[in-house]
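Novice: Next up, work02.cif (mmCIF, C-alpha atoms).
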data_protein
#
loop_
_atom_site.label_atom_id
_atom_site.label_comp_id
_atom_site.auth_asym_id
_atom_site.auth_seq_id
_atom_site.Cartn_x
_atom_site.Cartn_y
_atom_site.Cartn_z
CA MET A 1 6.41 -16.02 -32.44
CA PRO A 2 3.62 -18.49 -31.72
CA GLU A 3 0.34 -17.11 -30.47
CA PRO A 4 -1.45 -18.28 -27.32
CA LYS A 5 -3.98 -21.05 -27.74
CA VAL A 6 -7.65 -20.17 -27.26
CA ALA A 7 -7.86 -22.88 -24.60
CA SER A 8 -5.39 -20.88 -22.47
CA PHE A 9 -7.51 -17.70 -22.48
CA PRO A 10 -9.09 -18.36 -19.04
CA ALA A 11 -5.59 -18.86 -17.60
CA ILE A 12 -4.45 -15.66 -19.30
CA ARG A 13 -7.34 -13.73 -17.74
CA GLY A 14 -6.41 -15.11 -14.30
CA ALA A 15 -2.74 -14.30 -14.85
CA LEU A 16 -3.66 -10.78 -15.93
CA LYS A 17 -5.66 -10.17 -12.75
CA PHE A 18 -2.80 -11.54 -10.64
CA TYR A 19 -0.31 -9.37 -12.55
CA GLN A 20 -2.45 -6.26 -12.05
CA ILE A 21 -2.72 -6.80 -8.29
CA ALA A 22 0.99 -7.61 -7.92
CA SER A 23 1.89 -4.60 -10.06
CA ILE A 24 -0.09 -2.16 -7.95
CA ILE A 25 1.20 -3.54 -4.64
CA THR A 26 4.80 -3.53 -5.90
CA GLY A 27 4.43 0.01 -7.27
CA VAL A 28 3.08 1.32 -3.96
CA MET A 29 5.80 -0.48 -2.01
CA LEU A 30 8.45 0.96 -4.33
CA LEU A 31 7.14 4.49 -3.81
CA LEU A 32 7.22 3.93 -0.03
CA LEU A 33 10.77 2.59 -0.33
CA VAL A 34 11.93 5.61 -2.34
CA THR A 35 10.34 7.93 0.24
CA GLU A 36 12.07 6.03 3.04
CA MET A 37 15.41 6.25 1.24
CA VAL A 38 15.02 9.99 0.68
CA LEU A 39 14.24 10.47 4.38
CA LYS A 40 17.20 8.37 5.50
CA TYR A 41 19.98 9.13 3.02
CA THR A 42 19.50 12.85 2.42
CA PRO A 43 20.37 15.50 5.01
CA ILE A 44 16.95 14.87 6.59
CA HIS A 45 18.33 11.65 8.23
CA LEU A 46 15.11 10.18 9.62
CA GLU A 47 13.60 6.69 9.89
CA LEU A 48 10.00 5.76 10.64
CA PHE A 49 9.24 3.67 13.74
CA ALA A 50 6.11 2.12 15.20
CA GLY A 51 5.90 1.85 18.97
CA GLY A 52 8.76 2.41 21.34
CA SER A 53 9.60 5.55 23.26
CA GLY A 54 8.32 7.96 20.59
CA GLY A 55 4.72 6.79 20.52
CA PRO A 56 2.63 4.76 18.11
CA LEU A 57 4.20 6.24 14.93
CA TRP A 58 7.24 8.49 14.96
CA PHE A 59 10.42 9.52 13.18
CA ALA A 60 13.81 8.85 14.79
CA PRO A 61 17.04 10.53 13.72
CA VAL A 62 19.74 8.58 11.95
CA VAL A 63 23.31 9.41 12.93
CA GLU A 64 26.64 8.66 11.35
CA GLY A 65 28.47 5.82 13.07
CA PRO A 66 32.21 5.55 13.77
CA ASP A 67 32.77 3.50 10.58
CA GLY A 68 30.95 6.06 8.41
CA GLY A 69 27.70 4.06 8.17
CA LEU A 70 24.32 5.27 9.35
CA ILE A 71 22.97 4.13 12.72
CA SER A 72 19.34 4.40 13.72
CA THR A 73 18.62 5.92 17.13
CA GLY A 74 15.02 4.76 17.36
CA ASP A 75 13.53 1.92 19.33
CA GLY A 76 10.40 -0.02 18.53
CA PHE A 77 9.60 -1.58 15.15
CA ASN A 78 11.62 -0.01 12.33
CA LEU A 79 8.98 0.59 9.63
CA SER A 80 11.64 1.82 7.20
CA LEU A 81 13.35 -1.55 7.36
CA GLY A 82 9.95 -3.28 7.18
CA ILE A 83 9.15 -1.39 3.96
CA LEU A 84 12.48 -2.48 2.49
CA VAL A 85 11.90 -6.16 3.30
CA ALA A 86 8.24 -6.10 2.22
CA HIS A 87 9.12 -4.53 -1.14
CA GLY A 88 11.76 -7.20 -1.70
CA TRP A 89 9.29 -10.02 -1.13
CA PHE A 90 6.52 -8.38 -3.13
CA TYR A 91 8.99 -7.86 -5.97
CA VAL A 92 9.57 -11.63 -6.06
CA VAL A 93 5.81 -12.17 -6.30
CA TYR A 94 5.66 -9.46 -8.99
CA LEU A 95 8.40 -11.21 -10.98
CA PHE A 96 6.43 -14.45 -10.83
CA ALA A 97 3.32 -12.61 -12.06
CA CYS A 98 5.34 -11.05 -14.90
CA PHE A 99 6.81 -14.41 -15.88
CA ARG A 100 3.40 -16.08 -15.86
CA MET A 101 1.88 -13.33 -18.01
CA TRP A 102 4.86 -13.39 -20.37
CA SER A 103 4.87 -17.16 -20.80
CA LEU A 104 1.11 -17.48 -21.34
CA MET A 105 1.07 -14.65 -23.88
CA ARG A 106 4.21 -16.04 -25.58
CA TRP A 107 5.89 -12.66 -25.77
CA ARG A 108 9.55 -12.12 -26.63
CA LEU A 109 12.26 -11.82 -23.94
CA PRO A 110 12.60 -7.99 -24.08
CA ARG A 111 8.96 -7.74 -22.99
CA LEU A 112 9.73 -9.77 -19.85
CA ILE A 113 12.67 -7.51 -19.06
CA MET A 114 10.48 -4.43 -19.46
CA LEU A 115 7.84 -5.94 -17.19
CA ALA A 116 10.48 -6.79 -14.56
CA LEU A 117 11.81 -3.23 -14.61
CA GLY A 118 8.38 -2.08 -13.48
CA GLY A 119 9.26 -3.19 -9.96
CA VAL A 120 12.51 -1.23 -9.73
CA ILE A 121 11.77 2.00 -11.61
CA PRO A 122 9.36 4.18 -9.61
CA LEU A 123 5.93 4.65 -11.25
CA LEU A 124 6.75 2.33 -14.18
CA SER A 125 4.69 -0.55 -12.77
CA PHE A 126 1.55 1.62 -12.87
CA PHE A 127 2.09 2.54 -16.52
CA MET A 128 3.00 -1.03 -17.48
CA GLU A 129 -0.04 -2.43 -15.65
CA THR A 130 -2.37 -0.13 -17.56
CA ARG A 131 -0.73 -0.82 -20.90
CA VAL A 132 -0.48 -4.60 -20.47
CA ALA A 133 -4.09 -4.89 -19.29
CA ARG A 134 -5.34 -2.86 -22.27
CA GLU A 135 -3.25 -4.83 -24.79
CA VAL A 136 -4.09 -8.26 -23.40
CA ARG A 137 -7.82 -7.57 -23.17
CA ALA A 138 -7.87 -6.20 -26.71
CA TYR A 139 -5.91 -9.21 -27.97
CA LEU A 140 -8.21 -11.71 -26.26
CA THR A 141 -11.34 -9.97 -27.55
CA THR A 142 -10.02 -9.81 -31.11
CA ARG A 143 -8.94 -13.47 -31.09
CA GLU A 144 -12.24 -14.65 -29.61
CA GLN A 145 -14.23 -12.71 -32.22
CA ALA A 146 -12.07 -14.09 -35.03
CA ASP A 147 -12.43 -17.65 -33.74
CA ALA A 148 -16.19 -17.24 -33.32
CA ALA A 149 -16.50 -15.94 -36.88
CA ALA A 150 -14.37 -18.78 -38.23
CA SER A 151 -16.36 -21.46 -36.45
CA ALA A 152 -19.80 -20.01 -37.21
CA PRO A 153 -21.80 -22.08 -39.69
CA ALA A 154 -21.93 -20.71 -43.19
CA PRO A 155 -25.28 -19.15 -44.13
CA THR A 156 -27.52 -21.56 -46.01
CA THR A 157 -29.40 -20.75 -49.16
CA GLU A 158 -32.45 -22.84 -48.29
CA GLY A 159 -35.75 -21.20 -48.87
CA THR A 160 -34.50 -18.94 -51.63
CA ARG A 161 -35.34 -19.60 -55.23
#
Render the structure in this file as structure tokens.
Specialist:
Amino acid sequence: MPEPKVASFPAIRGALKFYQIASIITGVMLLLLVTEMVLKYTPIHLELFAGGSGGPLWFAPVVEGPDGGLISTGDGFNLSLGILVAHGWFYVVYLFACFRMWSLMRWRLPRLIMLALGGVIPLLSFFMETRVAREVRAYLTTREQADAAASAPAPTTEGTR
């Protein structure tokens, strides 16, 4: 597999920062989504709302409808639905960040798949973010040191007899 060019190192650093931010936001949104799903689809049957008749922030019960589906009884802004939509959009941004990191680093396809799974498996994005950041920084440092050593002028023997 070809290695990244030294000229692309600034772009890699930028992509890494973008990936880290997207990874953390996506991970937090995924944890909120899992919490929302547990509240709604377990016997708890609650959804979170902002505004409406229950006050600034409140839980409304979810009841079973005539067709067997769940129907929300709350009014106001459905934060549970908002979390679902926000996670979906942030996941798209996260996938772009993963693709950018993957393409600049010239990794193999399984690495991209593993990065993408970070946005759908709870907590994985946090572990992947830490691991990728450590590996990429170590790689860039090692390559820069090797290139600096290779391009350094050879020591001269002037002045010695």
Novice: Could you expand the PyMOL selection byres ((chain A and resi 41) around 12) into the explicit residues it covers here, written as a list in words?
Specialist: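 Selected by the PyMOL selection byres ((chain A and resi 41) around 12) in this file: Leu33, Val34, Thr35, Glu36, Met37, Val38, Leu39, Lys40, Thr42, Pro43, Ile44, His45, Leu46, Glu47, Pro61, Val62, Val63, Glu64, Gly69, Leu70, Ile71, Ser72 and Ser80 of chain A.
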Novice: Which of these, A:Gly65, A:Ser151, A:Phe99, A:Tyr91, has the shortest distance to A:Ile24 once you count only C-alpha atoms?
Specialist: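 So, comparing all the options, the nearest one is A:Tyr91.
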Novice: Could you state which residues are captured by the PyMOL selection byres ((chain A and resi 5) around 10) in this file, as a list in words?
Specialist: Pro2, Glu3, Pro4, Val6, Ala7, Ser8, Phe9, Leu104, Met105, Arg106 and Arg143 of chain A
Novice: Restricted to C-alpha atoms, what would the selected residues look like written as an mmCIF file, in the coordinates of the input?
Specialist:
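So the final result, stored in out37.cif, reads:
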data_model
loop_
_atom_site.group_PDB
_atom_site.id
_atom_site.type_symbol
_atom_site.label_atom_id
_atom_site.label_comp_id
_atom_site.auth_asym_id
_atom_site.auth_seq_id
_atom_site.Cartn_x
_atom_site.Cartn_y
_atom_site.Cartn_z
ATOM 1 C CA PRO A 2 3.620 -18.490 -31.720
ATOM 2 C CA GLU A 3 0.340 -17.110 -30.470
ATOM 3 C CA PRO A 4 -1.450 -18.280 -27.320
ATOM 4 C CA VAL A 6 -7.650 -20.170 -27.260
ATOM 5 C CA ALA A 7 -7.860 -22.880 -24.600
ATOM 6 C CA SER A 8 -5.390 -20.880 -22.470
ATOM 7 C CA PHE A 9 -7.510 -17.700 -22.480
ATOM 8 C CA LEU A 104 1.110 -17.480 -21.340
ATOM 9 C CA MET A 105 1.070 -14.650 -23.880
ATOM 10 C CA ARG A 106 4.210 -16.040 -25.580
ATOM 11 C CA ARG A 143 -8.940 -13.470 -31.090
#
Novice: Got a sec to resolve the PyMOL selection byres ((chain A and resi 11-19) around 12) on this structure and send the residues as a PyMOL selection string?
Specialist: chain A and resi 4-10+20-27+90-91+93-106+115-116+118-119+125-126+128-141
Novice: Given the selection you just returned, output its residues as a file containing C-alpha atoms, formatted as a PDB file, in the frame of the given file.
Specialist:
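Result file follows (result.pdb):
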ATOM      1  CA  PRO A   4      -1.450 -18.280 -27.320  1.00  0.00           C
ATOM      2  CA  LYS A   5      -3.980 -21.050 -27.740  1.00  0.00           C
ATOM      3  CA  VAL A   6      -7.650 -20.170 -27.260  1.00  0.00           C
ATOM      4  CA  ALA A   7      -7.860 -22.880 -24.600  1.00  0.00           C
ATOM      5  CA  SER A   8      -5.390 -20.880 -22.470  1.00  0.00           C
ATOM      6  CA  PHE A   9      -7.510 -17.700 -22.480  1.00  0.00           C
ATOM      7  CA  PRO A  10      -9.090 -18.360 -19.040  1.00  0.00           C
ATOM      8  CA  GLN A  20      -2.450  -6.260 -12.050  1.00  0.00           C
ATOM      9  CA  ILE A  21      -2.720  -6.800  -8.290  1.00  0.00           C
ATOM     10  CA  ALA A  22       0.990  -7.610  -7.920  1.00  0.00           C
ATOM     11  CA  SER A  23       1.890  -4.600 -10.060  1.00  0.00           C
ATOM     12  CA  ILE A  24      -0.090  -2.160  -7.950  1.00  0.00           C
ATOM     13  CA  ILE A  25       1.200  -3.540  -4.640  1.00  0.00           C
ATOM     14  CA  THR A  26       4.800  -3.530  -5.900  1.00  0.00           C
ATOM     15  CA  GLY A  27       4.430   0.010  -7.270  1.00  0.00           C
ATOM     16  CA  PHE A  90       6.520  -8.380  -3.130  1.00  0.00           C
ATOM     17  CA  TYR A  91       8.990  -7.860  -5.970  1.00  0.00           C
ATOM     18  CA  VAL A  93       5.810 -12.170  -6.300  1.00  0.00           C
ATOM     19  CA  TYR A  94       5.660  -9.460  -8.990  1.00  0.00           C
ATOM     20  CA  LEU A  95       8.400 -11.210 -10.980  1.00  0.00           C
ATOM     21  CA  PHE A  96       6.430 -14.450 -10.830  1.00  0.00           C
ATOM     22  CA  ALA A  97       3.320 -12.610 -12.060  1.00  0.00           C
ATOM     23  CA  CYS A  98       5.340 -11.050 -14.900  1.00  0.00           C
ATOM     24  CA  PHE A  99       6.810 -14.410 -15.880  1.00  0.00           C
ATOM     25  CA  ARG A 100       3.400 -16.080 -15.860  1.00  0.00           C
ATOM     26  CA  MET A 101       1.880 -13.330 -18.010  1.00  0.00           C
ATOM     27  CA  TRP A 102       4.860 -13.390 -20.370  1.00  0.00           C
ATOM     28  CA  SER A 103       4.870 -17.160 -20.800  1.00  0.00           C
ATOM     29  CA  LEU A 104       1.110 -17.480 -21.340  1.00  0.00           C
ATOM     30  CA  MET A 105       1.070 -14.650 -23.880  1.00  0.00           C
ATOM     31  CA  ARG A 106       4.210 -16.040 -25.580  1.00  0.00           C
ATOM     32  CA  LEU A 115       7.840  -5.940 -17.190  1.00  0.00           C
ATOM     33  CA  ALA A 116      10.480  -6.790 -14.560  1.00  0.00           C
ATOM     34  CA  GLY A 118       8.380  -2.080 -13.480  1.00  0.00           C
ATOM     35  CA  GLY A 119       9.260  -3.190  -9.960  1.00  0.00           C
ATOM     36  CA  SER A 125       4.690  -0.550 -12.770  1.00  0.00           C
ATOM     37  CA  PHE A 126       1.550   1.620 -12.870  1.00  0.00           C
ATOM     38  CA  MET A 128       3.000  -1.030 -17.480  1.00  0.00           C
ATOM     39  CA  GLU A 129      -0.040  -2.430 -15.650  1.00  0.00           C
ATOM     40  CA  THR A 130      -2.370  -0.130 -17.560  1.00  0.00           C
ATOM     41  CA  ARG A 131      -0.730  -0.820 -20.900  1.00  0.00           C
ATOM     42  CA  VAL A 132      -0.480  -4.600 -20.470  1.00  0.00           C
ATOM     43  CA  ALA A 133      -4.090  -4.890 -19.290  1.00  0.00           C
ATOM     44  CA  ARG A 134      -5.340  -2.860 -22.270  1.00  0.00           C
ATOM     45  CA  GLU A 135      -3.250  -4.830 -24.790  1.00  0.00           C
ATOM     46  CA  VAL A 136      -4.090  -8.260 -23.400  1.00  0.00           C
ATOM     47  CA  ARG A 137      -7.820  -7.570 -23.170  1.00  0.00           C
ATOM     48  CA  ALA A 138      -7.870  -6.200 -26.710  1.00  0.00           C
ATOM     49  CA  TYR A 139      -5.910  -9.210 -27.970  1.00  0.00           C
ATOM     50  CA  LEU A 140      -8.210 -11.710 -26.260  1.00  0.00           C
ATOM     51  CA  THR A 141     -11.340  -9.970 -27.550  1.00  0.00           C
TER      52      THR A 141
END
Novice: By how many Å are atom CA of A:Phe49 and atom CA of A:Val85 apart?
Specialist: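 Taking atom CA of A:Phe49 and atom CA of A:Val85, their separation equals 14.6 Å.
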Novice: Using only C-alpha atoms, can you tell me which of A:Ser53, A:Thr142, A:Phe77, A:Leu30 comes closest to A:Leu117?
Specialist: A:Leu30
Novice: Could you tell me how far atom CA of A:Gly74 sits from atom CA of A:Gly54, in Å to one decimal place?
Specialist: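 Distance between the two atoms: 8.1 Å.
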Novice: Considering all atoms listed in the file, can you say which of A:Ile113, A:Met29, A:Ile121, A:Leu79 comes closest to A:Trp58?
Specialist: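 Smallest separation from A:Trp58 among the options: A:Leu79.
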Novice: Go ahead and compute the interatomic distance for atom CA of A:Pro110 and atom CA of A:Phe127, in Å to one decimal.
Specialist: 16.7 Å
Novice: Could you model all heavy atoms for stretch 58-69 of chain A and present them as a JSON list (two decimals), in the frame of the given file?
Specialist:
[["chain", "number", "residue", "atom", "x", "y", "z"],
["A", 58, "TRP", "N", 6.35, 7.34, 14.79],
["A", 58, "TRP", "CA", 7.24, 8.49, 14.96],
["A", 58, "TRP", "C", 8.51, 8.35, 14.13],
["A", 58, "TRP", "O", 8.86, 7.28, 13.68],
["A", 58, "TRP", "CB", 7.59, 8.67, 16.44],
["A", 58, "TRP", "CG", 8.27, 7.48, 17.07],
["A", 58, "TRP", "CD1", 7.70, 6.27, 17.35],
["A", 58, "TRP", "CD2", 9.62, 7.39, 17.48],
["A", 58, "TRP", "NE1", 8.62, 5.44, 17.92],
["A", 58, "TRP", "CE2", 9.80, 6.09, 18.02],
["A", 58, "TRP", "CE3", 10.69, 8.26, 17.47],
["A", 58, "TRP", "CZ2", 11.02, 5.65, 18.53],
["A", 58, "TRP", "CZ3", 11.90, 7.83, 17.99],
["A", 58, "TRP", "CH2", 12.05, 6.54, 18.51],
["A", 59, "PHE", "N", 9.16, 9.49, 13.92],
["A", 59, "PHE", "CA", 10.42, 9.52, 13.18],
["A", 59, "PHE", "C", 11.58, 9.63, 14.17],
["A", 59, "PHE", "O", 11.54, 10.44, 15.09],
["A", 59, "PHE", "CB", 10.48, 10.71, 12.22],
["A", 59, "PHE", "CG", 9.60, 10.55, 11.02],
["A", 59, "PHE", "CD1", 8.37, 11.20, 10.94],
["A", 59, "PHE", "CD2", 9.99, 9.75, 9.96],
["A", 59, "PHE", "CE1", 7.56, 11.05, 9.84],
["A", 59, "PHE", "CE2", 9.18, 9.59, 8.85],
["A", 59, "PHE", "CZ", 7.97, 10.24, 8.79],
["A", 60, "ALA", "N", 12.60, 8.82, 13.97],
["A", 60, "ALA", "CA", 13.81, 8.85, 14.79],
["A", 60, "ALA", "C", 14.97, 9.31, 13.93],
["A", 60, "ALA", "O", 15.07, 8.95, 12.76],
["A", 60, "ALA", "CB", 14.09, 7.48, 15.37],
["A", 61, "PRO", "N", 15.87, 10.09, 14.50],
["A", 61, "PRO", "CA", 17.04, 10.53, 13.72],
["A", 61, "PRO", "C", 17.99, 9.38, 13.42],
["A", 61, "PRO", "O", 18.07, 8.40, 14.16],
["A", 61, "PRO", "CB", 17.70, 11.58, 14.61],
["A", 61, "PRO", "CG", 17.07, 11.46, 15.95],
["A", 61, "PRO", "CD", 15.81, 10.68, 15.82],
["A", 62, "VAL", "N", 18.70, 9.53, 12.35],
["A", 62, "VAL", "CA", 19.74, 8.58, 11.95],
["A", 62, "VAL", "C", 21.06, 9.33, 12.04],
["A", 62, "VAL", "O", 21.19, 10.43, 11.51],
["A", 62, "VAL", "CB", 19.50, 8.07, 10.50],
["A", 62, "VAL", "CG1", 20.60, 7.13, 10.07],
["A", 62, "VAL", "CG2", 18.16, 7.39, 10.40],
["A", 63, "VAL", "N", 22.02, 8.75, 12.74],
["A", 63, "VAL", "CA", 23.31, 9.41, 12.93],
["A", 63, "VAL", "C", 24.41, 8.62, 12.24],
["A", 63, "VAL", "O", 24.28, 7.42, 11.98],
["A", 63, "VAL", "CB", 23.63, 9.59, 14.44],
["A", 63, "VAL", "CG1", 22.62, 10.52, 15.09],
["A", 63, "VAL", "CG2", 23.67, 8.26, 15.16],
["A", 64, "GLU", "N", 25.50, 9.31, 11.98],
["A", 64, "GLU", "CA", 26.64, 8.66, 11.35],
["A", 64, "GLU", "C", 27.44, 7.90, 12.41],
["A", 64, "GLU", "O", 27.78, 8.46, 13.46],
["A", 64, "GLU", "CB", 27.51, 9.70, 10.64],
["A", 64, "GLU", "CG", 28.18, 9.12, 9.43],
["A", 64, "GLU", "CD", 28.82, 10.18, 8.57],
["A", 64, "GLU", "OE1", 28.12, 11.11, 8.15],
["A", 64, "GLU", "OE2", 30.03, 10.04, 8.35],
["A", 65, "GLY", "N", 27.73, 6.66, 12.13],
["A", 65, "GLY", "CA", 28.47, 5.82, 13.07],
["A", 65, "GLY", "C", 29.97, 6.03, 12.93],
["A", 65, "GLY", "O", 30.44, 6.75, 12.04],
["A", 66, "PRO", "N", 30.75, 5.38, 13.80],
["A", 66, "PRO", "CA", 32.21, 5.55, 13.77],
["A", 66, "PRO", "C", 32.85, 5.03, 12.48],
["A", 66, "PRO", "O", 33.89, 5.54, 12.06],
["A", 66, "PRO", "CB", 32.70, 4.74, 14.98],
["A", 66, "PRO", "CG", 31.56, 3.88, 15.38],
["A", 66, "PRO", "CD", 30.31, 4.50, 14.85],
["A", 67, "ASP", "N", 32.21, 4.05, 11.83],
["A", 67, "ASP", "CA", 32.77, 3.50, 10.58],
["A", 67, "ASP", "C", 32.23, 4.22, 9.35],
["A", 67, "ASP", "O", 32.47, 3.80, 8.22],
["A", 67, "ASP", "CB", 32.49, 2.00, 10.49],
["A", 67, "ASP", "CG", 31.00, 1.68, 10.48],
["A", 67, "ASP", "OD1", 30.19, 2.60, 10.72],
["A", 67, "ASP", "OD2", 30.66, 0.51, 10.24],
["A", 68, "GLY", "N", 31.49, 5.29, 9.54],
["A", 68, "GLY", "CA", 30.95, 6.06, 8.41],
["A", 68, "GLY", "C", 29.56, 5.64, 7.98],
["A", 68, "GLY", "O", 28.93, 6.31, 7.18],
["A", 69, "GLY", "N", 29.05, 4.52, 8.51],
["A", 69, "GLY", "CA", 27.70, 4.06, 8.17],
["A", 69, "GLY", "C", 26.66, 4.80, 8.99],
["A", 69, "GLY", "O", 26.97, 5.51, 9.95]]
